[in-house]
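Source file: upload.cif. Holds: mmCIF, C-alpha atoms and all ligand atoms.
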```cif
data_query
loop_
_atom_site.label_atom_id
_atom_site.label_comp_id
_atom_site.auth_asym_id
_atom_site.auth_seq_id
_atom_site.Cartn_x
_atom_site.Cartn_y
_atom_site.Cartn_z
CA MET A 64 35.78 -162.94 -37.56
CA THR A 65 38.36 -160.44 -36.18
CA LYS A 66 41.87 -161.05 -37.48
CA LYS A 67 44.92 -160.76 -35.22
CA PHE A 68 48.67 -161.19 -35.69
CA ASN A 69 50.69 -163.96 -34.07
CA LYS A 70 54.33 -163.83 -32.93
CA ARG A 71 55.49 -164.52 -36.51
CA ASN A 72 53.38 -161.63 -37.76
CA GLN A 73 51.00 -164.03 -39.54
CA LYS A 74 47.34 -163.14 -39.66
CA VAL A 75 45.31 -165.47 -37.43
CA ASN A 76 41.75 -165.72 -36.32
CA LYS A 77 40.68 -165.79 -32.70
CA ARG A 78 42.78 -167.71 -30.18
CA ALA A 79 41.32 -170.18 -27.73
CA LEU A 80 42.91 -171.88 -24.73
CA ILE A 81 41.43 -175.23 -23.71
CA ILE A 82 42.24 -176.59 -20.26
CA GLY A 83 41.40 -180.29 -20.48
CA ILE A 84 42.08 -180.58 -24.23
CA THR A 85 43.06 -184.27 -23.92
CA GLY A 86 39.63 -185.25 -22.54
CA GLN A 87 36.46 -186.27 -24.38
CA ASP A 88 35.04 -182.74 -24.61
CA GLY A 89 38.39 -181.01 -25.06
CA SER A 90 39.19 -183.06 -28.14
CA TYR A 91 35.82 -182.37 -29.81
CA LEU A 92 36.01 -178.68 -28.88
CA ALA A 93 39.52 -178.38 -30.34
CA GLU A 94 38.29 -179.91 -33.62
CA PHE A 95 35.29 -177.60 -33.67
CA LEU A 96 37.35 -174.45 -33.03
CA LEU A 97 40.02 -175.41 -35.58
CA SER A 98 37.25 -175.92 -38.15
CA ARG A 99 36.15 -172.35 -37.41
CA GLY A 100 39.61 -170.97 -38.08
CA TYR A 101 40.74 -170.53 -34.46
CA GLU A 102 44.31 -170.87 -33.27
CA VAL A 103 43.94 -173.42 -30.47
CA HIS A 104 46.18 -173.75 -27.42
CA GLY A 105 45.73 -176.63 -25.02
CA LEU A 106 47.05 -177.42 -21.58
CA ILE A 107 48.29 -180.98 -21.23
CA ARG A 108 49.56 -182.74 -18.12
CA ARG A 109 52.86 -184.51 -17.95
CA SER A 110 52.12 -188.24 -17.87
CA SER A 111 54.35 -191.31 -17.95
CA SER A 112 51.97 -192.81 -20.49
CA PHE A 113 50.68 -191.36 -23.76
CA ASN A 114 47.72 -189.04 -23.04
CA THR A 115 47.05 -187.25 -26.34
CA GLY A 116 45.38 -190.17 -28.16
CA ARG A 117 42.10 -188.27 -28.60
CA LEU A 118 44.02 -185.53 -30.45
CA ASP A 119 45.63 -187.86 -33.01
CA ASP A 120 43.44 -186.63 -35.88
CA ILE A 121 44.27 -182.96 -35.33
CA TYR A 122 47.84 -183.17 -34.02
CA GLN A 123 50.22 -180.89 -35.89
CA ASP A 124 53.98 -181.29 -35.84
CA PRO A 125 55.59 -178.44 -33.83
CA HIS A 126 57.86 -177.78 -36.80
CA GLU A 127 54.97 -177.14 -39.20
CA SER A 128 55.00 -173.48 -40.20
CA HIS A 129 51.25 -172.95 -40.50
CA ARG A 130 50.15 -174.90 -37.49
CA ARG A 131 47.18 -173.71 -35.47
CA LEU A 132 47.29 -176.23 -32.59
CA TYR A 133 49.75 -175.66 -29.73
CA LEU A 134 50.08 -177.88 -26.66
CA HIS A 135 51.63 -176.60 -23.41
CA TYR A 136 52.53 -178.54 -20.27
CA GLY A 137 50.72 -177.34 -17.16
CA ASP A 138 48.33 -178.29 -14.40
CA LEU A 139 45.35 -176.76 -12.64
CA ILE A 140 47.17 -177.31 -9.35
CA ASP A 141 50.15 -175.23 -10.53
CA SER A 142 49.31 -171.50 -10.61
CA HIS A 143 52.54 -170.50 -12.34
CA SER A 144 51.90 -172.84 -15.25
CA LEU A 145 48.48 -171.23 -15.72
CA LEU A 146 49.97 -167.71 -15.68
CA ASN A 147 52.66 -168.75 -18.17
CA ILE A 148 50.25 -170.40 -20.59
CA ILE A 149 47.90 -167.43 -20.55
CA SER A 150 50.81 -165.09 -21.17
CA GLU A 151 52.18 -167.27 -24.00
CA SER A 152 48.87 -167.92 -25.73
CA GLN A 153 47.09 -164.55 -25.19
CA PRO A 154 43.69 -166.19 -25.66
CA ASP A 155 40.44 -164.46 -26.60
CA GLU A 156 38.49 -167.39 -25.17
CA ILE A 157 39.35 -169.82 -22.37
CA TYR A 158 37.48 -173.07 -21.85
CA ASN A 159 38.00 -174.63 -18.42
CA LEU A 160 37.20 -178.30 -19.02
CA GLY A 161 39.99 -179.62 -16.80
CA ALA A 162 38.78 -181.80 -13.94
CA GLN A 163 39.03 -185.02 -12.02
CA SER A 164 35.70 -185.82 -13.64
CA HIS A 165 34.80 -189.24 -12.20
CA VAL A 166 32.08 -189.01 -9.54
CA ARG A 167 32.75 -192.43 -7.96
CA VAL A 168 36.50 -191.78 -7.82
CA SER A 169 35.90 -188.42 -6.12
CA PHE A 170 34.84 -190.37 -3.00
CA ASP A 171 38.28 -192.06 -2.99
CA ILE A 172 40.29 -188.87 -3.62
CA PRO A 173 38.11 -186.04 -2.27
CA GLU A 174 40.96 -183.68 -1.38
CA TYR A 175 42.61 -183.96 -4.80
CA THR A 176 39.21 -183.60 -6.52
CA ALA A 177 38.54 -180.37 -4.62
CA ASP A 178 42.06 -179.11 -5.36
CA VAL A 179 41.62 -179.54 -9.13
CA ASP A 180 37.87 -179.03 -9.60
CA ALA A 181 37.32 -176.17 -7.12
CA LEU A 182 40.65 -174.48 -6.32
CA GLY A 183 41.90 -175.12 -9.86
CA THR A 184 39.08 -172.93 -11.19
CA THR A 185 39.98 -170.20 -8.69
CA ARG A 186 43.64 -170.36 -9.73
CA LEU A 187 42.63 -170.02 -13.36
CA LEU A 188 40.28 -167.08 -12.74
CA ASP A 189 42.91 -165.29 -10.71
CA ALA A 190 45.56 -165.89 -13.35
CA VAL A 191 43.25 -164.36 -15.99
CA ARG A 192 42.50 -161.43 -13.67
CA ALA A 193 46.22 -160.85 -13.06
CA SER A 194 46.92 -160.99 -16.81
CA LYS A 195 44.37 -158.19 -17.40
CA LEU A 196 43.40 -159.92 -20.65
CA PRO A 197 39.76 -159.38 -21.62
CA ALA A 198 39.41 -163.12 -22.33
CA LYS A 199 35.97 -164.72 -22.19
CA ILE A 200 35.86 -167.80 -19.94
CA TYR A 201 33.69 -170.93 -20.09
CA GLN A 202 33.36 -172.98 -16.90
CA ALA A 203 32.36 -176.65 -17.24
CA GLY A 204 29.64 -177.00 -14.62
CA SER A 205 27.65 -180.18 -14.24
CA SER A 206 24.13 -181.51 -13.71
CA GLU A 207 25.70 -183.46 -10.81
CA MET A 208 25.40 -180.18 -8.91
CA PHE A 209 21.61 -180.78 -8.74
CA GLY A 210 22.33 -184.05 -6.92
CA LYS A 211 19.27 -185.35 -5.06
CA VAL A 212 17.09 -183.11 -7.16
CA LEU A 213 14.84 -180.52 -5.57
CA GLU A 214 12.85 -179.94 -8.77
CA THR A 215 12.18 -181.79 -12.04
CA PRO A 216 13.10 -180.95 -14.74
CA GLN A 217 16.21 -179.07 -13.59
CA LYS A 218 16.85 -175.59 -14.98
CA GLU A 219 19.27 -172.73 -14.31
CA ASN A 220 17.53 -171.58 -11.12
CA THR A 221 16.91 -175.05 -9.64
CA PRO A 222 18.74 -175.16 -6.26
CA PHE A 223 21.86 -177.30 -6.09
CA ASN A 224 21.94 -180.30 -3.74
CA PRO A 225 25.31 -181.99 -4.44
CA GLN A 226 25.91 -185.60 -3.37
CA SER A 227 29.63 -186.17 -3.99
CA PRO A 228 32.99 -184.46 -3.47
CA TYR A 229 33.03 -183.94 -7.26
CA ALA A 230 29.66 -182.18 -7.24
CA CYS A 231 30.56 -180.09 -4.18
CA ALA A 232 33.72 -178.91 -5.95
CA LYS A 233 31.75 -178.05 -9.10
CA VAL A 234 29.23 -176.05 -7.00
CA PHE A 235 32.15 -174.09 -5.53
CA SER A 236 33.45 -173.40 -9.05
CA HIS A 237 30.01 -172.29 -10.23
CA PHE A 238 29.79 -169.72 -7.45
CA ILE A 239 33.40 -168.51 -7.61
CA CYS A 240 32.79 -167.85 -11.32
CA LYS A 241 29.70 -165.79 -10.49
CA ASN A 242 31.71 -164.02 -7.80
CA TYR A 243 34.54 -163.04 -10.20
CA ARG A 244 31.96 -161.99 -12.77
CA ASP A 245 30.18 -159.73 -10.27
CA SER A 246 33.31 -158.47 -8.52
CA TYR A 247 35.59 -157.79 -11.47
CA GLY A 248 33.24 -157.58 -14.45
CA MET A 249 34.91 -160.59 -16.10
CA PHE A 250 33.07 -162.45 -18.88
CA ILE A 251 32.51 -165.90 -17.37
CA ALA A 252 29.75 -168.25 -18.59
CA ASN A 253 28.75 -171.20 -16.44
CA GLY A 254 27.57 -174.17 -18.47
CA ILE A 255 25.48 -176.67 -16.51
CA LEU A 256 25.85 -179.66 -18.79
CA PHE A 257 23.97 -182.90 -18.36
CA ASN A 258 25.76 -186.18 -19.16
CA HIS A 259 27.13 -186.29 -22.67
CA GLU A 260 28.80 -189.27 -24.25
CA SER A 261 30.53 -190.41 -27.42
CA PRO A 262 32.87 -193.15 -28.64
CA ARG A 263 35.64 -191.04 -27.01
CA ARG A 264 34.08 -191.29 -23.55
CA GLY A 265 36.44 -192.45 -20.79
CA LYS A 266 36.24 -196.24 -20.42
CA THR A 267 35.11 -196.21 -16.77
CA PHE A 268 31.94 -194.17 -17.37
CA VAL A 269 28.89 -196.39 -17.56
CA THR A 270 27.88 -195.82 -21.22
CA LYS A 271 31.32 -196.61 -22.63
CA LYS A 272 31.73 -199.50 -20.19
CA ILE A 273 28.49 -201.01 -21.52
CA THR A 274 29.16 -200.51 -25.25
CA GLU A 275 32.76 -201.68 -24.99
CA GLY A 276 31.86 -204.65 -22.79
CA LEU A 277 28.94 -205.82 -24.95
CA ALA A 278 31.02 -205.49 -28.12
CA ASP A 279 33.73 -207.64 -26.50
CA ILE A 280 31.09 -210.24 -25.53
CA ARG A 281 29.68 -210.20 -29.07
CA LEU A 282 33.20 -210.84 -30.40
CA GLY A 283 33.77 -213.67 -27.93
CA LYS A 284 36.52 -211.80 -26.07
CA LYS A 285 34.69 -211.57 -22.74
CA ASP A 286 31.91 -213.46 -20.94
CA ARG A 287 30.20 -210.71 -18.97
CA ILE A 288 30.48 -207.21 -17.54
CA TYR A 289 29.93 -206.02 -13.97
CA LEU A 290 27.88 -202.91 -13.24
CA GLY A 291 26.52 -201.09 -10.16
CA ASN A 292 23.18 -199.27 -9.88
CA LEU A 293 21.08 -200.20 -12.93
CA ASP A 294 18.18 -197.95 -11.98
CA ALA A 295 19.99 -194.59 -11.97
CA LYS A 296 18.54 -192.34 -14.66
CA ARG A 297 20.44 -189.79 -16.70
CA ASP A 298 19.71 -187.23 -19.41
CA TRP A 299 22.26 -188.46 -21.94
CA GLY A 300 23.32 -186.33 -24.92
CA TYR A 301 26.05 -186.42 -27.58
CA ALA A 302 29.34 -184.66 -26.74
CA PRO A 303 29.91 -182.91 -30.14
CA ASP A 304 26.48 -181.21 -29.78
CA TYR A 305 27.45 -180.02 -26.31
CA VAL A 306 30.84 -178.48 -27.17
CA GLU A 307 29.06 -176.33 -29.75
CA ALA A 308 26.88 -174.96 -26.93
CA MET A 309 30.03 -174.05 -24.94
CA TRP A 310 31.29 -172.00 -27.89
CA GLN A 311 27.90 -170.35 -28.41
CA MET A 312 27.89 -169.20 -24.77
CA LEU A 313 31.12 -167.29 -25.40
CA GLN A 314 29.76 -165.58 -28.53
CA GLU A 315 27.13 -163.75 -26.45
CA GLU A 316 27.57 -160.07 -25.60
CA LYS A 317 26.96 -160.66 -21.90
CA PRO A 318 27.94 -163.68 -19.79
CA ASN A 319 25.15 -165.98 -18.69
CA ASP A 320 24.54 -169.44 -17.22
CA TYR A 321 22.95 -172.23 -19.27
CA VAL A 322 21.57 -175.72 -18.77
CA ILE A 323 22.44 -177.97 -21.73
CA SER A 324 20.45 -181.21 -21.94
CA THR A 325 18.23 -183.34 -24.19
CA GLY A 326 15.06 -183.28 -22.08
CA GLU A 327 14.89 -187.12 -22.02
CA THR A 328 15.87 -189.38 -19.16
CA HIS A 329 16.74 -193.09 -19.36
CA SER A 330 18.04 -195.65 -16.88
CA VAL A 331 21.36 -197.49 -17.05
CA ARG A 332 19.22 -200.62 -17.55
CA GLU A 333 17.58 -199.08 -20.65
CA PHE A 334 20.97 -198.06 -22.05
CA ALA A 335 22.21 -201.64 -21.70
CA GLU A 336 19.01 -203.04 -23.29
CA GLU A 337 19.29 -200.72 -26.31
CA ALA A 338 23.02 -201.42 -26.76
CA ALA A 339 22.36 -205.19 -26.60
CA ARG A 340 19.43 -204.98 -29.03
CA LEU A 341 21.65 -203.26 -31.59
CA ILE A 342 24.03 -206.21 -31.67
CA ASP A 343 21.30 -208.82 -31.89
CA MET A 344 21.14 -209.76 -28.21
CA ASP A 345 17.85 -209.97 -26.29
CA LEU A 346 18.71 -208.69 -22.81
CA GLN A 347 16.32 -209.99 -20.12
CA TRP A 348 16.66 -209.47 -16.36
CA LYS A 349 16.46 -212.13 -13.65
CA GLY A 350 16.68 -211.83 -9.85
CA SER A 351 16.99 -208.67 -7.79
CA GLY A 352 19.50 -206.60 -5.82
CA LEU A 353 23.04 -207.97 -5.82
CA GLU A 354 21.75 -211.21 -7.37
CA GLU A 355 20.24 -209.52 -10.41
CA GLU A 356 21.61 -210.70 -13.74
CA GLY A 357 21.22 -209.64 -17.34
CA ILE A 358 20.81 -212.63 -19.63
CA ASP A 359 20.93 -212.80 -23.41
CA ALA A 360 17.69 -214.72 -23.96
CA LYS A 361 18.94 -215.81 -27.41
CA THR A 362 21.87 -217.79 -25.97
CA GLY A 363 21.02 -218.13 -22.27
CA GLN A 364 24.39 -216.53 -21.40
CA THR A 365 24.65 -214.20 -18.38
CA ILE A 366 26.21 -211.05 -19.78
CA ILE A 367 25.68 -208.57 -16.91
CA SER A 368 26.24 -209.13 -13.18
CA ILE A 369 26.22 -206.70 -10.26
CA ASP A 370 29.35 -205.73 -8.37
CA PRO A 371 28.60 -203.51 -5.34
CA LYS A 372 32.00 -201.83 -5.70
CA TYR A 373 30.40 -199.71 -8.42
CA TYR A 374 27.72 -198.43 -6.03
CA ARG A 375 28.32 -194.93 -4.66
CA PRO A 376 28.19 -193.89 -0.98
CA SER A 377 25.54 -191.38 -2.07
CA GLU A 378 23.78 -191.68 -5.42
CA VAL A 379 22.16 -189.19 -7.79
CA ASP A 380 19.01 -191.12 -8.69
CA ALA A 381 17.57 -189.26 -11.66
CA LEU A 382 18.48 -186.22 -13.74
CA LEU A 383 16.38 -184.51 -16.39
CA GLY A 384 17.28 -181.13 -17.84
CA ASP A 385 15.26 -178.25 -19.27
CA SER A 386 17.45 -176.39 -21.76
CA SER A 387 14.74 -174.01 -23.03
CA LYS A 388 16.83 -170.95 -22.04
CA ALA A 389 19.67 -172.14 -24.31
CA LYS A 390 17.17 -172.75 -27.11
CA LYS A 391 15.69 -169.27 -26.72
CA ASN A 392 18.92 -167.24 -26.32
CA LEU A 393 21.48 -169.31 -28.23
CA GLY A 394 19.26 -171.19 -30.66
CA TRP A 395 20.89 -174.36 -29.29
CA GLU A 396 19.11 -177.71 -29.51
CA PRO A 397 20.48 -181.26 -29.27
CA LYS A 398 20.76 -182.93 -32.68
CA VAL A 399 21.28 -186.44 -31.28
CA LYS A 400 18.89 -188.12 -28.84
CA PHE A 401 19.10 -191.35 -26.83
CA LYS A 402 18.64 -194.13 -29.42
CA GLU A 403 20.93 -192.49 -31.97
CA LEU A 404 23.54 -191.86 -29.27
CA VAL A 405 23.62 -195.55 -28.29
CA LYS A 406 23.93 -196.47 -31.96
CA ILE A 407 26.81 -194.01 -32.55
CA MET A 408 28.64 -195.49 -29.57
CA MET A 409 27.98 -199.09 -30.59
CA VAL A 410 29.12 -198.45 -34.18
CA GLY A 411 32.18 -196.71 -32.69
CA GLU A 412 33.15 -199.91 -30.85
CA PHE A 413 33.54 -201.84 -34.10
CA GLU A 414 35.23 -198.96 -35.90
CA GLU A 415 37.78 -198.69 -33.06
CA ARG A 416 38.55 -202.38 -33.60
CA LYS A 417 38.84 -201.76 -37.39
CA LEU A 418 35.83 -204.04 -38.00
CA ASP A 419 32.86 -203.46 -40.32
CA SER A 420 30.05 -202.55 -37.90
CA SER A 421 27.33 -203.57 -40.37
CA ALA A 422 28.40 -207.19 -39.89
CA TYR A 423 27.49 -206.98 -36.19
CA LEU A 424 24.66 -204.44 -35.92
CA SER A 425 21.08 -205.58 -36.49
P1 LIG B 501 37.41 -186.05 -19.17
O1 LIG B 501 37.33 -186.85 -20.42
O2 LIG B 501 37.63 -186.74 -17.87
O3 LIG B 501 38.56 -184.95 -19.37
C1 LIG B 501 39.04 -184.21 -18.30
C2 LIG B 501 40.22 -183.38 -18.76
O4 LIG B 501 40.75 -182.68 -17.61
C3 LIG B 501 41.38 -184.22 -19.32
O5 LIG B 501 41.99 -183.51 -20.36
C4 LIG B 501 42.32 -184.31 -18.12
O6 LIG B 501 43.67 -184.53 -18.48
C5 LIG B 501 42.15 -182.91 -17.57
N1 LIG B 501 42.65 -182.79 -16.19
C6 LIG B 501 42.45 -183.64 -15.15
N2 LIG B 501 43.10 -183.20 -14.05
C7 LIG B 501 43.73 -182.05 -14.43
C8 LIG B 501 44.60 -181.16 -13.76
N3 LIG B 501 44.97 -181.37 -12.48
N4 LIG B 501 45.07 -180.09 -14.42
C9 LIG B 501 44.73 -179.90 -15.73
N5 LIG B 501 43.92 -180.71 -16.43
C10 LIG B 501 43.43 -181.79 -15.77
O7 LIG B 501 36.09 -185.17 -18.98
P2 LIG B 501 35.02 -184.70 -20.07
O8 LIG B 501 33.92 -185.69 -20.10
O9 LIG B 501 35.70 -184.31 -21.31
O10 LIG B 501 34.42 -183.42 -19.34
C11 LIG B 501 35.01 -182.13 -19.53
C12 LIG B 501 34.61 -181.24 -18.36
O11 LIG B 501 33.19 -181.12 -18.31
C13 LIG B 501 35.04 -181.74 -16.99
O12 LIG B 501 35.31 -180.60 -16.19
C14 LIG B 501 33.80 -182.44 -16.45
O13 LIG B 501 33.80 -182.43 -15.04
C15 LIG B 501 32.72 -181.55 -17.03
N6 LIG B 501 31.43 -182.20 -17.30
C16 LIG B 501 31.38 -183.34 -18.06
C17 LIG B 501 30.14 -183.90 -18.36
C18 LIG B 501 30.05 -185.15 -19.20
O14 LIG B 501 28.99 -185.79 -19.17
N7 LIG B 501 31.07 -185.51 -19.96
C19 LIG B 501 28.97 -183.29 -17.89
C20 LIG B 501 29.06 -182.13 -17.15
C21 LIG B 501 30.29 -181.58 -16.87
P3 LIG B 501 44.27 -186.03 -18.64
O15 LIG B 501 43.83 -186.48 -20.01
O16 LIG B 501 45.71 -185.82 -18.51
O17 LIG B 501 43.66 -186.86 -17.55
N1 LIG B 502 30.80 -195.38 -13.80
C1 LIG B 502 29.90 -196.33 -13.57
N2 LIG B 502 30.29 -197.65 -13.62
N3 LIG B 502 28.64 -195.98 -13.28
C2 LIG B 502 27.73 -196.97 -13.07
C3 LIG B 502 28.07 -198.32 -13.14
C4 LIG B 502 29.41 -198.67 -13.42
O1 LIG B 502 29.79 -199.84 -13.48
N4 LIG B 502 26.95 -199.05 -12.92
C5 LIG B 502 25.96 -198.19 -12.71
N5 LIG B 502 26.42 -196.92 -12.81
C6 LIG B 502 25.62 -195.70 -12.60
C7 LIG B 502 26.22 -194.70 -11.62
O2 LIG B 502 25.95 -195.10 -10.27
C8 LIG B 502 25.52 -193.42 -12.04
O3 LIG B 502 24.28 -193.33 -11.40
C9 LIG B 502 25.29 -193.61 -13.54
O4 LIG B 502 25.55 -194.99 -13.82
C10 LIG B 502 26.19 -192.75 -14.41
O5 LIG B 502 27.52 -192.93 -13.97
P1 LIG B 502 28.76 -192.35 -14.81
O6 LIG B 502 28.71 -192.82 -16.21
O7 LIG B 502 30.00 -192.61 -14.03
O8 LIG B 502 28.45 -190.77 -14.89
P2 LIG B 502 27.99 -189.74 -13.76
O9 LIG B 502 26.57 -189.37 -14.06
O10 LIG B 502 28.30 -190.21 -12.40
O11 LIG B 502 28.94 -188.49 -14.05
C11 LIG B 502 29.16 -188.04 -15.38
O12 LIG B 502 28.20 -187.07 -15.73
C12 LIG B 502 28.24 -185.89 -14.94
C13 LIG B 502 27.10 -184.96 -15.43
O13 LIG B 502 25.93 -185.26 -14.75
C14 LIG B 502 30.59 -187.48 -15.44
O14 LIG B 502 30.90 -187.17 -16.77
C15 LIG B 502 30.70 -186.19 -14.63
O15 LIG B 502 31.99 -185.61 -14.85
C16 LIG B 502 29.61 -185.23 -15.11
O16 LIG B 502 29.67 -184.03 -14.38
#
```
Take the structure in the file and give it back as structure tokens.
Amino acid sequence: MTKKFNKRNQKVNKRALIIGITGQDGSYLAEFLLSRGYEVHGLIRRSSSFNTGRLDDIYQDPHESHRRLYLHYGDLIDSHSLLNIISESQPDEIYNLGAQSHVRVSFDIPEYTADVDALGTTRLLDAVRASKLPAKIYQAGSSEMFGKVLETPQKENTPFNPQSPYACAKVFSHFICKNYRDSYGMFIANGILFNHESPRRGKTFVTKKITEGLADIRLGKKDRIYLGNLDAKRDWGYAPDYVEAMWQMLQEEKPNDYVISTGETHSVREFAEEAARLIDMDLQWKGSGLEEEGIDAKTGQTIISIDPKYYRPSEVDALLGDSSKAKKNLGWEPKVKFKELVKIMMVGEFEERKLDSSAYLS
């Protein structure tokens, strides 16, 4: 790996800037890059509450002389902060993972979502262009861009058909990245990542909501959880596998676009059944529509009910990715598939609560 010199004239490996370092993916990517010897810079937002919890394991005191993790305040809606951070960190690689990433919430705050997820990308690209740095850029595109799918499985050349303000903003970002690549010869790789989860997933995404809720029920802390559309299907992978793919895309000689997925699709219902099975519950369904309920047949207790507030004005019914291009060019393949993912998340629930998971998992 090429060595460089930092401001203190110390030899360092490559430098990366992660926008969105406090999120699920940002935290795994920071760990991955640090383990590869990178100096890692991250943009964090000012918040009245603590927002660096996912970085606890890698946090380094600013007074440490050999630290390789630097956090800078900034925001994708503040161009000057982006220019300043790029100038301060002089990155070789930039990962744009920053986003208002909740699809349902994007219907409530469409203008803000577009500002961050679409214009934010443009601000970042323009700041890199102005800096004249030859930094390689990764853009966090999403399978949501396929929306009401026009082809199954979805691959890089499947047409987009977005169904939410979030997805529309991500489509804009995808194309503005291509435009800057073509217009200015910048190295920009568009990842089109299908859903990826982990114990660090935000608590309002359906997988984490299910594992956290069922663990609470198992521990007697809650009676039931409320969900929306049980029949939506997603191609769910494991976040640490996916951040490795982001890095691999930036090690290529030429920029390219890649679908990253597992090639399996499962419904929300199946995810809940598998999570319940792991903690010795037998989840059976009764009724239909808003009246449908999930019952633990072992106890007779209703553990899942429907709340229509979790339905979306327009839904993405089923996603299934074909990541054969990534396999061929990058040698990337998912290591973790559906059942193992659910298990990792369920075990994570007990570990988070400092409990021995083997006492609860069947
Ligand atoms: P996440 O956990 O929601 O993290 C999003 C990150 O963006 C957080 O660090 C957040 O900071 C930051 N952010 C939000 N608004 C910002 C702003 N105005 N300026 C700067 N940073 C801002 O999302 P994730 O699951 O890690 O996903 C990472 C990226 O991949 C996102 O762009 C997402 O849309 C995309 N993606 C995710 C998936 C998936 O399944 N996870 C699939 C495809 C694409 P705070 O911590 O301060 O909120
Ligand atoms: N969040 C949530 N909460 N979703 C629910 C619920 C619920 O109570 N009940 C059912 N669902 C359904 C949603 O309607 C959706 O069809 C599916 O579960 C998955 O929802 P989320 O976990 O919120 O993820 P998402 O697929 O909408 O979006 C995630 O994946 C995208 C990649 O395809 C996010 O991470 C996006 O940022 C990402 O781009």
One decimal, in Å: what's the spacing between CA of Arg117 in chain A and CA of Tyr301 in chain A?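 Atom-to-atom, CA of Arg117 in chain A to CA of Tyr301 in chain A, that is 16.2 Å.
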I'd like the neighbourhood of Ser420 in chain A as a JSON list (two decimals) with C-alpha atoms, in the coordinates of the input, where a residue qualifies if any of its atoms comes within 9 Å (using only C-alpha atoms), though same-chain residues fewer than 4 positions away should be ignored.
```json
[["chain", "number", "residue", "atom", "x", "y", "z"],
["A", 409, "MET", "CA", 27.98, -199.09, -30.59],
["A", 410, "VAL", "CA", 29.12, -198.45, -34.18],
["A", 411, "GLY", "CA", 32.18, -196.71, -32.69],
["A", 412, "GLU", "CA", 33.15, -199.91, -30.85],
["A", 413, "PHE", "CA", 33.54, -201.84, -34.10],
["A", 414, "GLU", "CA", 35.23, -198.96, -35.90],
["A", 424, "LEU", "CA", 24.66, -204.44, -35.92]]
```
Neighbouring residues of ligand LIG 502 (chain B) are defined here as those with any atom at most 7 Å from a ligand atom, counting all atoms listed in the file; list them as a count of residues only. 30
Can you find the residues with an atom no farther than 7 Å from (19.0, -178.3, -19.8), counting only C-alpha atoms, and report them as a PyMOL selection string? chain A and resi 217-218+257+322-326+384-387
For Ala79 in chain A, which residue out of A:Tyr91, A:Trp310, A:Gly352, A:Gly137 is the nearest one, using all atoms listed in the file?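 The closest residue to Ala79 in chain A is A:Trp310.
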Show which residues sit within 7 Å of Asp155 in chain A, as a list in words. Count only C-alpha atoms, and ignore same-chain residues fewer than 3 positions away.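 Near neighbours after the sequence-gap exclusion: Lys77, Arg78, Ala79, Ala198 and Lys199 of chain A.
Between CA of Glu336 in chain A and CA of Arg281 in chain A the separation is 14.1 Å.
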Spatial neighbours of range 138-143 of chain A, max dist 6 Å, only C-alpha atoms, sep filter under 4 positions, as a ChimeraX atom specification: /A:108,179,183,186
Between atom O10 of ligand LIG 501 (chain B) and CA of Glu337 in chain A, what is the spacing in Å? 24.0 Å
Between A:Leu182, A:Leu187, A:Ile255, A:Ala422, which one has atoms that come closest to Asn220 in chain A, using only C-alpha atoms?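 Checking each of A:Leu182, A:Leu187, A:Ile255, A:Ala422 against Asn220 in chain A, counting only C-alpha atoms, the winner is A:Ile255.
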